[in-house]
file protein35.txt (compact mmCIF, C-alpha atoms)
# COMPACT_ATOMS: atom_id res chain seq x y z
CA MET A 393 135.79 72.93 134.16
CA PRO A 394 135.88 69.15 134.11
CA SER A 395 139.04 67.77 132.62
CA THR A 396 138.66 64.90 130.20
CA HIS A 397 140.42 62.72 127.71
CA LEU A 398 137.88 63.94 125.15
CA PHE A 399 139.71 67.23 124.67
CA PRO A 400 143.36 68.33 124.58
CA ASP A 401 144.51 70.43 127.56
CA GLU A 402 145.33 73.37 125.29
CA PRO A 403 143.21 73.12 122.13
CA ALA A 404 144.92 74.77 119.15
CA GLU A 405 141.72 75.30 117.12
CA THR A 406 138.99 77.72 118.17
CA ARG A 407 136.32 75.12 117.30
CA ILE A 408 137.82 72.64 119.73
CA GLU A 409 138.17 75.35 122.38
CA ILE A 410 134.47 76.18 122.01
CA LEU A 411 133.45 72.50 122.12
CA LYS A 412 135.55 71.96 125.23
CA ALA A 413 133.78 74.90 126.88
CA THR A 414 130.45 73.40 125.76
CA TYR A 415 131.37 70.13 127.42
CA GLY A 416 132.24 71.95 130.65
CA ALA A 417 128.99 73.91 130.68
CA LEU A 418 126.88 70.88 129.72
CA CYS A 419 128.34 68.79 132.55
CA GLU A 420 127.68 71.66 134.93
CA CYS A 421 124.09 72.56 134.10
CA GLY A 422 122.60 70.04 131.63
CA TYR A 423 120.79 70.79 128.36
CA ALA A 424 117.70 72.62 129.61
CA ASP A 425 119.61 75.32 131.49
CA LEU A 426 122.42 75.63 128.94
CA THR A 427 122.88 78.97 127.18
CA VAL A 428 125.64 80.32 124.95
CA GLU A 429 126.40 82.76 127.79
CA ARG A 430 127.00 79.85 130.18
CA ILE A 431 129.27 78.21 127.60
CA GLY A 432 131.06 81.57 127.39
CA GLU A 433 131.88 81.33 131.10
CA HIS A 434 133.94 78.21 130.29
CA PHE A 435 135.55 79.81 127.22
CA PRO A 436 138.85 81.68 127.69
CA LYS A 437 138.08 84.13 124.84
CA SER A 438 135.17 86.46 124.12
CA THR A 439 131.65 84.94 124.02
CA SER A 440 130.99 86.91 120.82
CA LEU A 441 133.50 84.61 119.11
CA ILE A 442 131.13 81.70 119.84
CA TYR A 443 128.30 83.55 118.06
CA HIS A 444 130.69 84.14 115.16
CA HIS A 445 131.10 80.34 114.77
CA TYR A 446 127.60 79.08 115.62
CA ASP A 447 124.01 80.15 115.03
CA GLY A 448 123.02 79.36 118.60
CA LYS A 449 122.86 76.71 121.29
CA ASP A 450 121.46 73.87 119.17
CA ASP A 451 123.75 74.52 116.20
CA LEU A 452 126.67 74.34 118.63
CA LEU A 453 125.36 71.23 120.38
CA LEU A 454 124.92 69.41 117.07
CA ASP A 455 128.59 70.12 116.30
CA PHE A 456 129.49 68.95 119.82
CA LEU A 457 127.67 65.66 119.11
CA SER A 458 129.54 65.35 115.78
CA TYR A 459 132.81 65.84 117.65
CA LEU A 460 131.91 62.98 120.02
CA LEU A 461 131.27 60.73 117.01
CA GLU A 462 134.59 61.78 115.39
CA ASP A 463 136.34 60.93 118.66
CA PHE A 464 134.54 57.57 118.80
CA GLU A 465 135.53 56.76 115.21
CA SER A 466 139.19 57.67 115.75
CA ARG A 467 139.28 55.37 118.79
CA ARG A 468 137.75 52.55 116.77
CA GLU A 469 140.54 52.80 114.22
CA MET A 470 143.02 52.20 117.03
CA GLU A 471 141.15 49.10 118.23
CA ASP A 472 143.35 46.31 119.42
CA GLU A 473 143.40 42.91 117.82
CA ALA A 474 141.85 40.98 120.71
CA ASP A 475 139.47 38.09 120.01
CA ALA A 476 135.84 38.91 119.28
CA ASP A 477 134.55 37.43 122.55
CA GLU A 478 136.96 39.59 124.57
CA ARG A 479 136.05 42.71 122.59
CA LEU A 480 132.34 42.01 123.16
CA ALA A 481 132.92 41.48 126.90
CA GLU A 482 134.81 44.80 127.02
CA LEU A 483 131.92 46.54 125.28
CA LEU A 484 129.42 45.13 127.79
CA ASP A 485 131.75 46.17 130.64
CA TRP A 486 131.69 49.69 129.29
CA GLY A 487 127.96 49.87 128.54
CA LEU A 488 126.69 48.09 131.64
CA SER A 489 128.80 49.75 134.35
CA PRO A 490 127.87 52.80 136.37
CA PRO A 491 129.67 55.94 135.09
CA PRO A 492 133.23 56.01 136.49
CA ASP A 493 133.02 59.60 137.78
CA GLU A 494 130.73 62.61 138.12
CA ASP A 495 131.68 64.07 134.75
CA ALA A 496 130.87 60.82 132.99
CA ALA A 497 127.50 60.71 134.79
CA ALA A 498 126.81 64.32 133.83
CA LEU A 499 127.69 63.62 130.17
CA ARG A 500 125.39 60.56 130.18
CA ASP A 501 122.55 62.69 131.60
CA ALA A 502 123.16 65.41 129.01
CA MET A 503 123.21 62.80 126.22
CA ALA A 504 119.77 61.56 127.35
CA GLU A 505 118.48 65.15 127.13
CA LEU A 506 120.13 65.73 123.74
CA ARG A 507 118.74 62.49 122.36
CA ALA A 508 115.23 63.46 123.45
CA GLN A 509 115.53 66.61 121.28
CA ALA A 510 115.47 64.20 118.33
CA ALA A 511 111.85 63.30 119.14
CA ALA A 512 110.78 66.73 117.87
CA ASP A 513 113.76 68.07 115.87
CA ALA A 514 114.83 66.63 112.50
CA GLU A 515 118.45 67.86 112.78
CA TYR A 516 118.94 65.99 116.05
CA ARG A 517 117.18 62.95 114.58
CA ARG A 518 119.61 62.96 111.63
CA HIS A 519 122.47 62.99 114.13
CA PHE A 520 121.13 60.09 116.16
CA ASP A 521 120.46 58.07 112.99
CA GLU A 522 124.18 58.44 112.27
CA HIS A 523 125.14 57.91 115.92
CA ASP A 524 123.21 54.64 116.22
CA GLU A 525 124.37 53.41 112.81
CA LEU A 526 128.02 53.90 113.85
CA LEU A 527 127.57 52.13 117.19
CA ILE A 528 125.57 49.26 115.70
CA ASP A 529 128.15 48.93 112.93
CA GLY A 530 130.91 48.72 115.54
CA ILE A 531 129.13 45.92 117.41
CA GLU A 532 128.26 44.17 114.13
CA THR A 533 131.96 44.13 113.16
CA ILE A 534 132.85 42.41 116.44
CA VAL A 535 130.10 39.80 116.01
CA ALA A 536 130.93 39.19 112.33
CA ASP A 537 134.64 38.80 113.19
CA GLY A 538 133.68 36.25 115.83
CA VAL A 539 131.51 34.30 113.39
CA GLU A 540 134.26 34.35 110.78
CA SER A 541 136.96 33.20 113.19
CA GLY A 542 134.72 30.48 114.59
CA VAL A 543 134.57 31.96 118.12
CA PHE A 544 130.83 32.66 117.67
CA ARG A 545 128.07 30.54 116.16
CA GLU A 546 126.54 31.30 112.73
CA VAL A 547 124.24 34.12 113.89
CA ASP A 548 122.94 37.20 112.06
CA PRO A 549 125.58 39.76 113.17
CA ARG A 550 123.34 42.73 112.38
CA ALA A 551 120.39 41.42 114.45
CA VAL A 552 122.66 40.60 117.40
CA ALA A 553 124.31 44.04 117.15
CA GLU A 554 120.95 45.86 117.08
CA THR A 555 119.82 43.87 120.12
CA ILE A 556 122.92 44.64 122.16
CA HIS A 557 122.72 48.28 121.09
CA THR A 558 119.08 48.41 122.22
CA VAL A 559 120.08 47.02 125.64
CA LEU A 560 122.87 49.60 125.99
CA THR A 561 120.51 52.42 124.93
CA GLY A 562 117.89 51.31 127.46
CA ALA A 563 120.51 51.03 130.20
CA MET A 564 121.84 54.52 129.41
CA LEU A 565 118.34 56.05 129.55
CA GLN A 566 117.35 54.31 132.77
CA GLY A 567 120.67 55.28 134.36
CA ALA A 568 120.13 58.92 133.40
CA THR A 569 116.46 59.17 134.41
CA THR A 570 115.95 57.01 137.51
CA THR A 571 117.71 56.61 140.84
CA THR A 572 116.90 52.90 141.01
CA PHE A 573 118.50 51.35 137.91
CA ASP A 574 121.61 49.25 138.50
CA PRO A 575 123.18 47.96 135.27
CA ALA A 576 124.78 45.10 137.22
CA ALA A 577 121.26 43.66 137.69
CA ILE A 578 120.95 42.80 133.99
CA ARG A 579 124.58 41.88 133.33
CA ASP A 580 124.14 38.15 134.08
CA GLU A 581 121.11 37.96 131.79
CA ILE A 582 122.93 39.65 128.90
CA GLU A 583 125.85 37.28 129.42
CA ALA A 584 123.41 34.35 129.38
CA TYR A 585 122.04 35.67 126.07
CA VAL A 586 125.55 36.03 124.60
CA GLU A 587 126.53 32.61 125.87
CA GLY A 588 123.37 30.85 124.65
CA ARG A 589 123.19 32.68 121.33
CA LEU A 590 126.83 33.22 120.33
CA LEU A 591 128.94 30.77 122.31
CA GLY A 592 126.51 27.84 122.81
CA ASP A 593 126.61 24.56 120.92
CA GLU A 594 125.15 24.60 117.42
CA GLN A 595 121.49 23.59 117.38
CA MET B 770 91.98 66.36 119.29
CA PRO B 771 93.09 62.75 119.07
CA SER B 772 90.52 60.34 120.39
CA THR B 773 91.83 57.57 122.60
CA HIS B 774 90.87 54.77 124.92
CA LEU B 775 92.94 56.55 127.58
CA PHE B 776 90.15 59.06 128.28
CA PRO B 777 86.36 58.95 128.41
CA ASP B 778 84.55 60.80 125.58
CA GLU B 779 82.89 63.15 128.07
CA PRO B 780 85.01 63.34 131.23
CA ALA B 781 82.90 64.12 134.30
CA GLU B 782 85.79 65.47 136.41
CA THR B 783 87.61 68.70 135.59
CA ARG B 784 90.97 67.04 136.30
CA ILE B 785 90.32 64.38 133.64
CA GLU B 786 89.11 67.05 131.21
CA ILE B 787 92.34 68.97 131.70
CA LEU B 788 94.47 65.82 131.33
CA LYS B 789 92.61 64.88 128.16
CA ALA B 790 93.34 68.35 126.77
CA THR B 791 97.00 67.91 127.80
CA TYR B 792 97.13 64.65 125.88
CA GLY B 793 95.68 66.33 122.80
CA ALA B 794 98.15 69.23 122.96
CA LEU B 795 101.12 66.96 123.71
CA CYS B 796 100.36 64.74 120.70
CA GLU B 797 100.05 67.84 118.56
CA CYS B 798 103.18 69.77 119.50
CA GLY B 799 105.42 67.65 121.80
CA TYR B 800 106.94 68.69 125.11
CA ALA B 801 109.29 71.48 124.06
CA ASP B 802 106.60 73.58 122.37
CA LEU B 803 103.88 72.80 124.90
CA THR B 804 102.40 75.68 126.90
CA VAL B 805 99.39 75.92 129.19
CA GLU B 806 97.84 78.19 126.54
CA ARG B 807 98.17 75.44 123.93
CA ILE B 808 96.56 72.98 126.35
CA GLY B 809 93.81 75.57 126.80
CA GLU B 810 93.05 75.37 123.06
CA HIS B 811 92.11 71.70 123.59
CA PHE B 812 90.10 72.46 126.75
CA PRO B 813 86.39 73.22 126.41
CA LYS B 814 86.36 75.55 129.46
CA SER B 815 88.42 78.62 130.38
CA THR B 816 92.22 78.29 130.40
CA SER B 817 92.27 80.11 133.76
CA LEU B 818 90.64 77.01 135.25
CA ILE B 819 93.81 75.06 134.33
CA TYR B 820 95.91 77.57 136.28
CA HIS B 821 93.50 77.15 139.17
CA HIS B 822 94.31 73.39 139.28
CA TYR B 823 98.02 73.39 138.39
CA ASP B 824 101.10 75.50 139.11
CA GLY B 825 102.24 75.32 135.49
CA LYS B 826 103.20 73.09 132.61
CA ASP B 827 105.46 70.69 134.52
CA ASP B 828 103.10 70.34 137.50
CA LEU B 829 100.36 69.45 135.04
CA LEU B 830 102.57 67.05 133.06
CA LEU B 831 103.58 65.20 136.22
CA ASP B 832 99.90 64.66 137.01
CA PHE B 833 99.37 63.54 133.40
CA LEU B 834 102.14 60.95 133.88
CA SER B 835 100.51 59.81 137.15
CA TYR B 836 97.23 59.38 135.28
CA LEU B 837 98.95 57.15 132.70
CA LEU B 838 100.29 54.99 135.53
CA GLU B 839 96.85 54.80 137.20
CA ASP B 840 95.42 53.72 133.86
CA PHE B 841 98.17 51.11 133.47
CA GLU B 842 97.54 49.75 136.97
CA SER B 843 93.77 49.50 136.47
CA ARG B 844 94.36 47.54 133.25
CA ARG B 845 96.72 45.18 135.07
CA GLU B 846 94.03 44.34 137.59
CA MET B 847 91.82 43.23 134.72
CA GLU B 848 94.54 40.97 133.29
CA ASP B 849 93.31 37.73 131.84
CA GLU B 850 94.35 34.38 133.19
CA ALA B 851 96.40 33.29 130.18
CA ASP B 852 99.58 31.24 130.68
CA ALA B 853 102.77 33.09 131.51
CA ASP B 854 104.42 32.34 128.15
CA GLU B 855 101.43 33.79 126.28
CA ARG B 856 101.35 36.88 128.50
CA LEU B 857 105.08 37.42 127.92
CA ALA B 858 104.65 37.02 124.16
CA GLU B 859 101.82 39.58 124.27
CA LEU B 860 104.04 42.01 126.18
CA LEU B 861 106.82 41.64 123.59
CA ASP B 862 104.24 42.12 120.81
CA TRP B 863 103.19 45.37 122.42
CA GLY B 864 106.70 46.65 123.24
CA LEU B 865 108.43 45.61 120.02
CA SER B 866 105.88 46.71 117.43
CA PRO B 867 105.77 50.06 115.66
CA PRO B 868 103.11 52.36 117.18
CA PRO B 869 99.68 51.40 115.74
CA ASP B 870 98.75 54.96 114.72
CA GLU B 871 99.96 58.56 114.64
CA ASP B 872 98.63 59.40 118.10
CA ALA B 873 100.46 56.44 119.62
CA ALA B 874 103.68 57.53 117.86
CA ALA B 875 103.19 61.10 119.11
CA LEU B 876 102.63 59.86 122.68
CA ARG B 877 105.78 57.71 122.47
CA ASP B 878 107.79 60.71 121.24
CA ALA B 879 106.39 62.89 124.03
CA MET B 880 107.20 60.19 126.62
CA ALA B 881 110.84 60.20 125.43
CA GLU B 882 110.93 63.98 125.94
CA LEU B 883 109.23 63.75 129.36
CA ARG B 884 111.59 61.02 130.49
CA ALA B 885 114.59 63.12 129.52
CA GLN B 886 113.35 65.83 131.92
CA ALA B 887 114.20 63.35 134.68
CA ALA B 888 117.91 63.70 133.86
CA ALA B 889 117.86 67.17 135.40
CA ASP B 890 114.63 67.35 137.46
CA ALA B 891 114.11 65.40 140.70
CA GLU B 892 110.28 65.44 140.46
CA TYR B 893 110.36 63.77 137.04
CA ARG B 894 113.02 61.34 138.31
CA ARG B 895 110.76 60.35 141.20
CA HIS B 896 107.98 59.67 138.71
CA PHE B 897 110.15 57.51 136.46
CA ASP B 898 111.45 55.56 139.47
CA GLU B 899 107.82 54.68 140.18
CA HIS B 900 107.02 54.16 136.48
CA ASP B 901 109.88 51.70 135.95
CA GLU B 902 109.21 49.90 139.23
CA LEU B 903 105.58 49.30 138.19
CA LEU B 904 106.51 48.04 134.74
CA ILE B 905 109.34 45.82 136.02
CA ASP B 906 107.03 44.48 138.73
CA GLY B 907 104.43 43.62 136.07
CA ILE B 908 106.97 41.68 134.01
CA GLU B 909 108.39 40.04 137.15
CA THR B 910 104.91 38.77 138.07
CA ILE B 911 104.55 37.12 134.66
CA VAL B 912 107.98 35.46 134.92
CA ALA B 913 107.43 34.35 138.53
CA ASP B 914 104.02 32.89 137.60
CA GLY B 915 105.70 30.97 134.78
CA VAL B 916 108.41 29.62 137.08
CA GLU B 917 105.81 28.61 139.66
CA SER B 918 103.57 26.86 137.14
CA GLY B 919 106.54 25.10 135.55
CA VAL B 920 106.17 26.83 132.15
CA PHE B 921 109.51 28.62 132.70
CA ARG B 922 112.81 27.37 134.07
CA GLU B 923 114.06 28.28 137.57
CA VAL B 924 115.36 31.77 136.68
CA ASP B 925 115.66 34.96 138.74
CA PRO B 926 112.33 36.63 137.80
CA ARG B 927 113.53 40.09 138.83
CA ALA B 928 116.72 39.94 136.72
CA VAL B 929 114.79 38.67 133.68
CA ALA B 930 112.15 41.40 134.19
CA GLU B 931 114.78 44.16 134.43
CA THR B 932 116.43 42.87 131.27
CA ILE B 933 113.22 42.78 129.25
CA HIS B 934 112.28 46.21 130.60
CA THR B 935 115.68 47.57 129.53
CA VAL B 936 115.13 46.21 126.00
CA LEU B 937 111.66 47.81 125.81
CA THR B 938 113.03 51.14 127.13
CA GLY B 939 115.84 51.10 124.55
CA ALA B 940 113.39 50.22 121.77
CA MET B 941 111.06 53.05 122.81
CA LEU B 942 113.89 55.60 122.83
CA GLN B 943 115.34 54.50 119.50
CA GLY B 944 111.85 54.50 117.95
CA ALA B 945 111.24 58.05 119.19
CA THR B 946 114.65 59.52 118.25
CA THR B 947 115.76 57.87 115.00
CA THR B 948 114.18 57.19 111.62
CA THR B 949 116.11 53.94 111.19
CA PHE B 950 115.11 51.73 114.13
CA ASP B 951 112.81 48.82 113.34
CA PRO B 952 111.75 46.86 116.45
CA ALA B 953 111.10 43.81 114.24
CA ALA B 954 114.89 43.58 113.71
CA ILE B 955 115.50 42.58 117.34
CA ARG B 956 112.35 40.52 117.87
CA ASP B 957 113.94 37.19 116.84
CA GLU B 958 116.90 37.78 119.16
CA ILE B 959 114.68 38.58 122.15
CA GLU B 960 112.65 35.47 121.41
CA ALA B 961 115.88 33.46 121.26
CA TYR B 962 116.81 34.87 124.68
CA VAL B 963 113.38 34.00 126.13
CA GLU B 964 113.52 30.55 124.58
CA GLY B 965 117.07 29.78 125.71
CA ARG B 966 116.72 31.30 129.15
CA LEU B 967 113.10 30.61 130.15
CA LEU B 968 111.83 27.79 127.95
CA GLY B 969 115.04 25.83 127.25
CA ASP B 970 116.04 22.55 128.86
CA GLU B 971 117.51 22.74 132.37
CA GLN B 972 121.32 22.92 132.31

call {"tool": "encode", "arguments": {"input": "protein35.txt", "output": "structure tokens"}}
result
Amino acid sequence: MPSTHLFPDEPAETRIEILKATYGALCECGYADLTVERIGEHFPKSTSLIYHHYDGKDDLLLDFLSYLLEDFESRREMEDEADADERLAELLDWGLSPPPDEDAAALRDAMAELRAQAAADAEYRRHFDEHDELLIDGIETIVADGVESGVFREVDPRAVAETIHTVLTGAMLQGATTTTFDPAAIRDEIEAYVEGRLLGDEQ
Amino acid sequence: MPSTHLFPDEPAETRIEILKATYGALCECGYADLTVERIGEHFPKSTSLIYHHYDGKDDLLLDFLSYLLEDFESRREMEDEADADERLAELLDWGLSPPPDEDAAALRDAMAELRAQAAADAEYRRHFDEHDELLIDGIETIVADGVESGVFREVDPRAVAETIHTVLTGAMLQGATTTTFDPAAIRDEIEAYVEGRLLGDEQ
């Protein structure tokens, strides 16, 4: 099972134990081939306990996605007090770099598959509405802080945040679904946009 | 069955008849619920004829995707001789507008599902490598034409093309998988990027 900072080594709660097993199985076989039985192979207790907690694969995966958002929110609360331009550069580093290891690549691929479920499934769509709103809100806070502190020009923080989020979403999908996409190829252009739009002289 | 400019009203070839039926079924029920039987309901001849041409749902869908690319390429050859800045504006109009009708929205949603197959399936990944290369090449041609004719600044046409393609891919995915995304929200920012990067004064 892949080890990760996402989960404690020895989860105390059964829910977290099940979600950790889900993560392991998802990284191993992706969404399409995932079954509760496969998750059970990563779970130290009886598979029937998983059925006791969840109605099936998608019910469990939606809770897994919620857990990822909870984790993301708890990290945000611990955000350091760096300047807005540094925080934005860090975000672009994170979103426009190849995955650091195989598990991260496998999670990215699984996220692309899970997101596609939202095209036909209202429960998944509700999740990704919330997911995108949280991410856009996080970027918007950085941009608004930068405008307020005078590091950035007087831009519309929401519009800039939605644009950067769209770039990161496109980069994620291309990374997961092609062999040819290299996020480094667009990094200079995104920096030129940030520089011209946020850091440039007032027009 | 949805009518569309993608297919002739009365296809002469069986392949095109099958692909037209696939399009109708895909718009109706999406990828996950699609079966060869459902495609057969949109096909005026016997469903067994579909099995005679294709090994199954995914074999057929990969040929459907190839047909979309062939259609895209044949349109490109007919491209008008407008200036590069107008052609780029037209492309952004197309890629950053809500789908014009329900069939176009359904096709976008199905494309998001089909693309996600590439996260776990090498045949789909090969297709989307080719798909993205064709689209990026199309944008690159516009940018290079603009640089050559002096309408655009001396930029790297490939890097600009990959960036715009990433934005359009992200917009497509968010449109297909959330209820909240409005492509109009990022339009001004993308125009600011194009203006600052391609149309602005030399630095």

call {"tool": "interface_residues", "arguments": {"input": "protein35.txt", "of": "chain B", "to": "chain A", "cutoff": "8 Å", "atoms": "all atoms listed in the file", "output": "MDAnalysis selection string"}}
result
chainID B and resid 799 801 878:879 881:882 884:889 894:895 897:898 928:929 931:932 935:940 942:943 945:949 954:955 958:959 961:962 965:966

call {"tool": "residues_around", "arguments": {"input": "protein35.txt", "residues": "Val920 (chain B)", "least_positions_apart": "2", "cutoff": "9 Å", "atoms": "all atoms listed in the file", "output": "compact mmCIF listing (two decimals) with C-alpha atoms, in the coordinates of the input"}}
result
# COMPACT_ATOMS: atom_id res chain seq x y z
CA ASP B 852 99.58 31.24 130.68
CA ALA B 853 102.77 33.09 131.51
CA ASP B 854 104.42 32.34 128.15
CA ASP B 914 104.02 32.89 137.60
CA GLY B 915 105.70 30.97 134.78
CA VAL B 916 108.41 29.62 137.08
CA GLU B 917 105.81 28.61 139.66
CA SER B 918 103.57 26.86 137.14
CA ARG B 922 112.81 27.37 134.07
CA LEU B 967 113.10 30.61 130.15
CA LEU B 968 111.83 27.79 127.95

call {"tool": "closest_residue", "arguments": {"input": "protein35.txt", "among": "B:Ile911, B:Ile905, B:Leu831, B:Leu857", "to": "Glu892 (chain B)", "atoms": "only C-alpha atoms"}}
result
B:Leu831

call {"tool": "residues_around", "arguments": {"input": "protein35.txt", "residues": "Phe399 (chain A)", "least_positions_apart": "4", "cutoff": "10 Å", "atoms": "only C-alpha atoms", "output": "list of chain:residue names"}}
result
A:Ser395, A:Pro403, A:Ile408, A:Glu409, A:Leu411, A:Lys412, A:Ala413, A:Tyr415, A:Tyr459, A:Asp463

call {"tool": "atom_distance", "arguments": {"input": "protein35.txt", "atom1": "CA of Ala496 (chain A)", "atom2": "CA of Leu398 (chain A)"}}
result
11.0 Å

call {"tool": "closest_residue", "arguments": {"input": "protein35.txt", "among": "B:Thr816, B:Ser843, B:Ser866, B:Thr791", "to": "Leu830 (chain B)", "atoms": "only C-alpha atoms"}}
result
B:Thr791

call {"tool": "residues_around", "arguments": {"input": "protein35.txt", "residues": "Lys826 (chain B)", "least_positions_apart": "5", "cutoff": "8 Å", "atoms": "all atoms listed in the file", "output": "MDAnalysis selection string"}}
result
chainID B and resid 803:805

call {"tool": "axis_aligned_box", "arguments": {"input": "protein35.txt", "around": "region 546-558 of chain A", "padding_each_side": "8 Å", "output": "lines of an AutoDock Vina configuration file"}}
result
center_x = 122.8
center_y = 39.9
center_z = 117.1
size_x = 23.5
size_y = 33.1
size_z = 26.2

call {"tool": "closest_residue", "arguments": {"input": "protein35.txt", "among": "B:His822, B:Arg856, B:Arg845, B:His811", "to": "Leu795 (chain B)", "atoms": "only C-alpha atoms"}}
result
B:His811

call {"tool": "atom_distance", "arguments": {"input": "protein35.txt", "atom1": "CA of Leu527 (chain A)", "atom2": "CA of Pro869 (chain B)"}}
result
27.9 Å

call {"tool": "atom_distance", "arguments": {"input": "protein35.txt", "atom1": "CA of Ala417 (chain A)", "atom2": "CA of Glu433 (chain A)"}}
result
8.0 Å

call {"tool": "closest_residue", "arguments": {"input": "protein35.txt", "among": "B:Ala858, B:Ala874, B:Asp828, B:Pro813", "to": "Val912 (chain B)", "atoms": "only C-alpha atoms"}}
result
B:Ala858

call {"tool": "decode", "arguments": {"input": "protein35.txt", "residues": "region 831-844 of chain B", "atoms": "N, CA, C and O atoms", "output": "short mmCIF file (atom, residue, chain, number, x, y, z; two decimals), in the first residue's frame"}}
result
data_model
loop_
_atom_site.label_atom_id
_atom_site.label_comp_id
_atom_site.auth_asym_id
_atom_site.auth_seq_id
_atom_site.Cartn_x
_atom_site.Cartn_y
_atom_site.Cartn_z
N LEU B 831 -13.37 4.52 -30.01
CA LEU B 831 -12.07 5.02 -30.50
C LEU B 831 -12.18 5.42 -31.97
O LEU B 831 -11.60 6.41 -32.40
N ASP B 832 -12.97 4.66 -32.75
CA ASP B 832 -13.16 5.05 -34.15
C ASP B 832 -14.03 6.31 -34.23
O ASP B 832 -13.81 7.15 -35.10
N PHE B 833 -14.98 6.43 -33.33
CA PHE B 833 -15.81 7.64 -33.27
C PHE B 833 -14.92 8.87 -33.00
O PHE B 833 -15.05 9.91 -33.65
N LEU B 834 -13.98 8.73 -32.06
CA LEU B 834 -13.06 9.83 -31.76
C LEU B 834 -12.19 10.15 -32.97
O LEU B 834 -11.94 11.33 -33.27
N SER B 835 -11.73 9.11 -33.69
CA SER B 835 -10.94 9.35 -34.91
C SER B 835 -11.76 10.12 -35.94
O SER B 835 -11.25 11.02 -36.61
N TYR B 836 -13.04 9.77 -36.05
CA TYR B 836 -13.92 10.46 -37.00
C TYR B 836 -14.02 11.95 -36.65
O TYR B 836 -13.97 12.81 -37.52
N LEU B 837 -14.14 12.26 -35.35
CA LEU B 837 -14.21 13.66 -34.93
C LEU B 837 -12.93 14.40 -35.33
O LEU B 837 -12.99 15.55 -35.78
N LEU B 838 -11.79 13.73 -35.19
CA LEU B 838 -10.52 14.37 -35.59
C LEU B 838 -10.45 14.56 -37.10
O LEU B 838 -9.98 15.60 -37.57
N GLU B 839 -10.91 13.55 -37.86
CA GLU B 839 -10.93 13.69 -39.34
C GLU B 839 -11.80 14.88 -39.73
O GLU B 839 -11.43 15.68 -40.59
N ASP B 840 -12.94 15.00 -39.07
CA ASP B 840 -13.85 16.11 -39.35
C ASP B 840 -13.18 17.44 -39.02
O ASP B 840 -13.25 18.39 -39.80
N PHE B 841 -12.48 17.47 -37.88
CA PHE B 841 -11.78 18.69 -37.47
C PHE B 841 -10.71 19.07 -38.50
O PHE B 841 -10.58 20.23 -38.88
N GLU B 842 -9.95 18.06 -38.94
CA GLU B 842 -8.89 18.33 -39.92
C GLU B 842 -9.45 18.82 -41.24
O GLU B 842 -8.89 19.73 -41.86
N SER B 843 -10.57 18.24 -41.70
CA SER B 843 -11.12 18.66 -42.99
C SER B 843 -11.64 20.10 -42.90
O SER B 843 -11.57 20.85 -43.86
N ARG B 844 -12.16 20.48 -41.72
CA ARG B 844 -12.59 21.88 -41.54
C ARG B 844 -11.40 22.83 -41.58
O ARG B 844 -11.49 23.93 -42.09
#
